[in-house]
Amino acid sequence: MARAPDDGLPLLGDKRGALVMAKKDPMDLSVEERLKTLYQMQTALSAIDEKRALRGELPLEVQDLEDEIEGLSTRIEKIQRDIDEFQKAVTQKKGEIIDAQTSVARYQKQLNDVKNNREYDTLSKEIEFQTLEIELCNKKIKEAQARIAEKQEELNANQAAIEERKNDLEVKKDELDEIMEETRAEEDKLKMRVKELEAKIEPRLLTSFKRIRKNARNGLGIVYVQRDACGGCFNKIPPQRQLDIKMHKKIIVCEYCGRIMIDPELAGVKLDKVNATEKKTRKRSIRKSTKKAQDAPDADIEA
């Protein structure tokens, strides 16, 4: 399989790298030092991730409760506006009823002074019209009052729900604050450590590392070689590439997952040598068994 490019990371062995090293300032580091610094930063970042993992789903639960409370508050405000509008409508209709009743009383009084049938019919029609208006207003009032009762029930239910959510939010926040209080000091120290290490790494390499770490599911941007494989995706690494990693001549990334790779010895990781011993013992056992199998036919022939 063809080797993947080194993700645009700076190389020490090429001419461009030599030119950069010629203009080296006190903040510049060798490839070996860069790898060490990156691995130290990865260790600190992983520790921060562990601290945040202790919080579990609490931050999301708190955020969901806050969003739900905000939604309930908006709904309550709308319901209250609807109730106010219905109450205004009731007040308005009651005023219209009073006006209509006044008109009816006036028209009935005028009936006693009519001089002809025409005036009587006109006044009778006005009284009938005003009476119908009163009935219509009463109907509208009843409908509005029924809607007010419905809205009031809805308002009470939402107010009870928001009180319950506020209580839940208070409990969740207390739990979250308690966990954060336990880890805040150590997390702040780790963050300061990360900032110090970031200042030692050139921006281009730091940007590449952050991009790799962001895309990695486990948050690992740099990993060491484990059992001849990448410590991130566990794909086998060719022997020549392993040798390049041990030489520390350039930044090398995994051709499968794109993570930066570092030699375990340089990372300060002590690997278990039991596997290597077992492999050697197994090889010796296989050789002895093969030799015995080869000698056995000769013994039979001589016999």
# chains A, B, ... in the order shown; residues from 1 in each chain; ligands from 1

call {"tool": "residues_around", "arguments": {"residues": "A:Glu164", "least_positions_apart": "5", "cutoff": "12 Å", "atoms": "only C-alpha atoms", "output": "mmCIF file with all heavy atoms, in the first residue's frame"}}
result
data_model
loop_
_atom_site.group_PDB
_atom_site.id
_atom_site.type_symbol
_atom_site.label_atom_id
_atom_site.label_comp_id
_atom_site.auth_asym_id
_atom_site.auth_seq_id
_atom_site.Cartn_x
_atom_site.Cartn_y
_atom_site.Cartn_z
ATOM 1 N N LEU A 65 -33.103 21.329 30.541
ATOM 2 C CA LEU A 65 -34.064 21.870 31.502
ATOM 3 C C LEU A 65 -34.192 23.383 31.354
ATOM 4 O O LEU A 65 -35.309 23.929 31.429
ATOM 5 C CB LEU A 65 -33.648 21.506 32.931
ATOM 6 C CG LEU A 65 -33.902 20.059 33.362
ATOM 7 C CD1 LEU A 65 -33.230 19.779 34.700
ATOM 8 C CD2 LEU A 65 -35.402 19.780 33.464
ATOM 9 N N GLU A 68 -36.237 24.012 28.308
ATOM 10 C CA GLU A 68 -37.645 23.680 28.539
ATOM 11 C C GLU A 68 -38.325 24.749 29.395
ATOM 12 O O GLU A 68 -39.478 25.121 29.127
ATOM 13 C CB GLU A 68 -37.739 22.319 29.231
ATOM 14 C CG GLU A 68 -39.149 21.764 29.295
ATOM 15 C CD GLU A 68 -39.209 20.350 29.834
ATOM 16 O OE1 GLU A 68 -38.130 19.752 30.059
ATOM 17 O OE2 GLU A 68 -40.328 19.853 30.046
ATOM 18 N N ILE A 69 -37.613 25.235 30.406
ATOM 19 C CA ILE A 69 -38.173 26.299 31.253
ATOM 20 C C ILE A 69 -38.418 27.563 30.443
ATOM 21 O O ILE A 69 -39.447 28.240 30.599
ATOM 22 C CB ILE A 69 -37.229 26.573 32.447
ATOM 23 C CG1 ILE A 69 -37.280 25.406 33.439
ATOM 24 C CG2 ILE A 69 -37.601 27.877 33.150
ATOM 25 C CD1 ILE A 69 -36.231 25.479 34.526
ATOM 26 N N LEU A 72 -41.519 26.967 28.381
ATOM 27 C CA LEU A 72 -42.716 27.044 29.217
ATOM 28 C C LEU A 72 -43.037 28.492 29.600
ATOM 29 O O LEU A 72 -44.210 28.887 29.641
ATOM 30 C CB LEU A 72 -42.527 26.199 30.475
ATOM 31 C CG LEU A 72 -42.595 24.679 30.287
ATOM 32 C CD1 LEU A 72 -42.150 23.964 31.563
ATOM 33 C CD2 LEU A 72 -44.005 24.237 29.905
ATOM 34 N N ALA A 157 -51.573 24.346 34.586
ATOM 35 C CA ALA A 157 -50.778 23.151 34.273
ATOM 36 C C ALA A 157 -49.349 23.536 33.897
ATOM 37 O O ALA A 157 -48.375 22.903 34.341
ATOM 38 C CB ALA A 157 -51.432 22.376 33.138
ATOM 39 N N ASN A 158 -49.221 24.583 33.100
ATOM 40 C CA ASN A 158 -47.887 25.018 32.689
ATOM 41 C C ASN A 158 -47.113 25.625 33.851
ATOM 42 O O ASN A 158 -45.893 25.454 33.946
ATOM 43 C CB ASN A 158 -47.989 26.024 31.535
ATOM 44 C CG ASN A 158 -48.220 25.364 30.195
ATOM 45 O OD1 ASN A 158 -47.287 24.917 29.532
ATOM 46 N ND2 ASN A 158 -49.475 25.278 29.779
ATOM 47 N N GLN A 159 -47.799 26.338 34.720
ATOM 48 C CA GLN A 159 -47.126 26.900 35.893
ATOM 49 C C GLN A 159 -46.637 25.794 36.829
ATOM 50 O O GLN A 159 -45.549 25.876 37.389
ATOM 51 C CB GLN A 159 -48.072 27.846 36.629
ATOM 52 C CG GLN A 159 -48.281 29.178 35.914
ATOM 53 C CD GLN A 159 -49.292 30.062 36.596
ATOM 54 O OE1 GLN A 159 -50.160 29.587 37.339
ATOM 55 N NE2 GLN A 159 -49.207 31.369 36.353
ATOM 56 N N LEU A 169 -34.104 21.487 37.891
ATOM 57 C CA LEU A 169 -32.924 22.227 37.461
ATOM 58 C C LEU A 169 -32.034 22.578 38.644
ATOM 59 O O LEU A 169 -30.804 22.468 38.564
ATOM 60 C CB LEU A 169 -33.356 23.501 36.725
ATOM 61 C CG LEU A 169 -32.232 24.432 36.247
ATOM 62 C CD1 LEU A 169 -31.322 23.711 35.254
ATOM 63 C CD2 LEU A 169 -32.799 25.702 35.628
ATOM 64 N N GLU A 170 -32.649 22.966 39.735
ATOM 65 C CA GLU A 170 -31.874 23.317 40.928
ATOM 66 C C GLU A 170 -31.092 22.115 41.454
ATOM 67 O O GLU A 170 -29.916 22.226 41.822
ATOM 68 C CB GLU A 170 -32.819 23.845 42.006
ATOM 69 C CG GLU A 170 -32.108 24.394 43.228
ATOM 70 C CD GLU A 170 -33.055 25.005 44.237
ATOM 71 O OE1 GLU A 170 -34.253 25.144 43.904
ATOM 72 O OE2 GLU A 170 -32.607 25.329 45.357
ATOM 73 N N VAL A 171 -31.757 20.939 41.440
ATOM 74 C CA VAL A 171 -31.098 19.711 41.901
ATOM 75 C C VAL A 171 -29.928 19.354 40.973
ATOM 76 O O VAL A 171 -28.816 19.040 41.430
ATOM 77 C CB VAL A 171 -32.110 18.544 41.947
ATOM 78 C CG1 VAL A 171 -31.383 17.221 42.212
ATOM 79 C CG2 VAL A 171 -33.159 18.792 43.019
#

call {"tool": "residues_around", "arguments": {"residues": "A:Glu32", "least_positions_apart": "4", "cutoff": "10 Å", "atoms": "only C-alpha atoms", "output": "VMD selection string"}}
result
chain A and resid 36 to 38 246 to 251 262 to 263 266 to 267

call {"tool": "write_last_selection", "arguments": {"atoms": "N, CA, C and O atoms", "output": "short mmCIF file (atom, residue, chain, number, x, y, z; two decimals), in the first residue's frame"}}
result
data_model
loop_
_atom_site.label_atom_id
_atom_site.label_comp_id
_atom_site.auth_asym_id
_atom_site.auth_seq_id
_atom_site.Cartn_x
_atom_site.Cartn_y
_atom_site.Cartn_z
N LYS A 36 7.75 15.17 21.99
CA LYS A 36 7.61 15.07 23.45
C LYS A 36 6.58 16.07 23.96
O LYS A 36 5.72 15.74 24.79
N THR A 37 6.68 17.30 23.47
CA THR A 37 5.76 18.35 23.91
C THR A 37 4.32 18.02 23.51
O THR A 37 3.40 18.19 24.31
N LEU A 38 4.15 17.53 22.28
CA LEU A 38 2.81 17.16 21.83
C LEU A 38 2.23 16.04 22.69
O LEU A 38 1.05 16.07 23.06
N LYS A 246 11.16 5.71 15.08
CA LYS A 246 12.20 5.63 16.11
C LYS A 246 13.35 6.60 15.83
O LYS A 246 14.05 7.02 16.75
N MET A 247 13.57 6.96 14.57
CA MET A 247 14.67 7.86 14.21
C MET A 247 14.38 9.31 14.62
O MET A 247 15.31 10.11 14.76
N HIS A 248 13.11 9.67 14.77
CA HIS A 248 12.73 11.04 15.18
C HIS A 248 13.24 12.10 14.21
O HIS A 248 13.59 13.21 14.62
N LYS A 249 13.28 11.75 12.93
CA LYS A 249 13.79 12.71 11.95
C LYS A 249 12.68 13.63 11.42
O LYS A 249 12.96 14.71 10.91
N LYS A 250 11.45 13.17 11.49
CA LYS A 250 10.33 13.98 10.99
C LYS A 250 9.04 13.55 11.70
O LYS A 250 8.98 12.49 12.32
N ILE A 251 8.04 14.40 11.57
CA ILE A 251 6.73 14.09 12.12
C ILE A 251 6.03 13.10 11.19
O ILE A 251 5.86 13.37 10.01
N ILE A 262 4.37 8.43 17.75
CA ILE A 262 5.59 8.68 18.52
C ILE A 262 6.11 7.34 19.04
O ILE A 262 5.34 6.41 19.32
N ASP A 263 7.42 7.26 19.16
CA ASP A 263 8.06 6.06 19.69
C ASP A 263 7.74 5.94 21.18
O ASP A 263 7.81 6.94 21.91
N LEU A 266 10.36 7.40 23.49
CA LEU A 266 10.39 8.85 23.51
C LEU A 266 9.21 9.40 24.32
O LEU A 266 9.33 10.43 25.00
N ALA A 267 8.08 8.70 24.27
CA ALA A 267 6.90 9.13 25.03
C ALA A 267 7.02 8.82 26.51
O ALA A 267 6.21 9.28 27.31
#

call {"tool": "closest_residue", "arguments": {"among": "A:Leu58, A:Ile260, A:Ala100, A:Leu243", "to": "A:Ser208", "atoms": "only C-alpha atoms"}}
result
A:Ile260

call {"tool": "residues_around", "arguments": {"residues": "A:Glu198", "least_positions_apart": "3", "cutoff": "12 Å", "atoms": "only C-alpha atoms", "output": "list in words"}}
result
Met27, Asp28, Arg34, Thr37, Leu38, Tyr39, Gln40, Met41, Gln42, Ala44, Leu45, Lys191, Met192, Arg193, Val194, Lys195, Ile201, Glu202, Pro203, Arg204, Leu205, Leu206, Thr207, Phe209 and Lys210 of chain A

call {"tool": "closest_residue", "arguments": {"among": "A:Gln242, A:Ile252, A:Ala161, A:Asn215", "to": "A:Arg227", "atoms": "only C-alpha atoms"}}
result
A:Gln242

call {"tool": "select_by_dssp", "arguments": {"residues": "stretch 20-131 of chain A", "states": "alpha helix (DSSP H)", "output": "PyMOL selection string"}}
result
chain A and resi 20-22+31-53+58-111+117-131

call {"tool": "closest_residue", "arguments": {"among": "A:Lys200, A:Glu66, A:Asn116, A:Asp82", "to": "A:Asn167", "atoms": "only C-alpha atoms"}}
result
A:Glu66

call {"tool": "decode", "arguments": {"residues": "stretch 169-182 of chain A", "atoms": "N, CA, C and O atoms", "output": "mmCIF file, in the first residue's frame"}}
result
data_model
loop_
_atom_site.group_PDB
_atom_site.id
_atom_site.type_symbol
_atom_site.label_atom_id
_atom_site.label_comp_id
_atom_site.auth_asym_id
_atom_site.auth_seq_id
_atom_site.Cartn_x
_atom_site.Cartn_y
_atom_site.Cartn_z
ATOM 1 N N LEU A 169 -34.104 21.487 37.891
ATOM 2 C CA LEU A 169 -32.924 22.227 37.461
ATOM 3 C C LEU A 169 -32.034 22.578 38.644
ATOM 4 O O LEU A 169 -30.804 22.468 38.564
ATOM 5 N N GLU A 170 -32.649 22.966 39.735
ATOM 6 C CA GLU A 170 -31.874 23.317 40.928
ATOM 7 C C GLU A 170 -31.092 22.115 41.454
ATOM 8 O O GLU A 170 -29.916 22.226 41.822
ATOM 9 N N VAL A 171 -31.757 20.939 41.440
ATOM 10 C CA VAL A 171 -31.098 19.711 41.901
ATOM 11 C C VAL A 171 -29.928 19.354 40.973
ATOM 12 O O VAL A 171 -28.816 19.040 41.430
ATOM 13 N N LYS A 172 -30.167 19.420 39.656
ATOM 14 C CA LYS A 172 -29.131 19.075 38.674
ATOM 15 C C LYS A 172 -27.952 20.038 38.756
ATOM 16 O O LYS A 172 -26.790 19.641 38.653
ATOM 17 N N LYS A 173 -28.267 21.316 38.948
ATOM 18 C CA LYS A 173 -27.202 22.311 39.052
ATOM 19 C C LYS A 173 -26.363 22.083 40.302
ATOM 20 O O LYS A 173 -25.141 22.251 40.274
ATOM 21 N N ASP A 174 -27.020 21.718 41.383
ATOM 22 C CA ASP A 174 -26.284 21.430 42.619
ATOM 23 C C ASP A 174 -25.350 20.243 42.419
ATOM 24 O O ASP A 174 -24.194 20.267 42.865
ATOM 25 N N GLU A 175 -25.848 19.200 41.740
ATOM 26 C CA GLU A 175 -25.006 18.021 41.464
ATOM 27 C C GLU A 175 -23.820 18.409 40.582
ATOM 28 O O GLU A 175 -22.678 18.003 40.837
ATOM 29 N N LEU A 176 -24.110 19.195 39.540
ATOM 30 C CA LEU A 176 -23.054 19.605 38.621
ATOM 31 C C LEU A 176 -22.025 20.490 39.317
ATOM 32 O O LEU A 176 -20.814 20.316 39.124
ATOM 33 N N ASP A 177 -22.501 21.425 40.128
ATOM 34 C CA ASP A 177 -21.589 22.317 40.851
ATOM 35 C C ASP A 177 -20.711 21.533 41.819
ATOM 36 O O ASP A 177 -19.522 21.839 41.987
ATOM 37 N N GLU A 178 -21.299 20.512 42.441
ATOM 38 C CA GLU A 178 -20.541 19.691 43.390
ATOM 39 C C GLU A 178 -19.416 18.935 42.675
ATOM 40 O O GLU A 178 -18.276 18.897 43.148
ATOM 41 N N ILE A 179 -19.750 18.368 41.512
ATOM 42 C CA ILE A 179 -18.729 17.635 40.747
ATOM 43 C C ILE A 179 -17.659 18.591 40.234
ATOM 44 O O ILE A 179 -16.457 18.307 40.297
ATOM 45 N N MET A 180 -18.097 19.742 39.724
ATOM 46 C CA MET A 180 -17.145 20.718 39.177
ATOM 47 C C MET A 180 -16.252 21.283 40.267
ATOM 48 O O MET A 180 -15.077 21.570 40.033
ATOM 49 N N GLU A 181 -16.810 21.445 41.458
ATOM 50 C CA GLU A 181 -16.014 21.971 42.569
ATOM 51 C C GLU A 181 -14.887 21.009 42.930
ATOM 52 O O GLU A 181 -13.783 21.428 43.281
ATOM 53 N N GLU A 182 -15.172 19.714 42.815
ATOM 54 C CA GLU A 182 -14.165 18.702 43.146
ATOM 55 C C GLU A 182 -13.033 18.673 42.119
ATOM 56 O O GLU A 182 -11.888 18.370 42.455
#
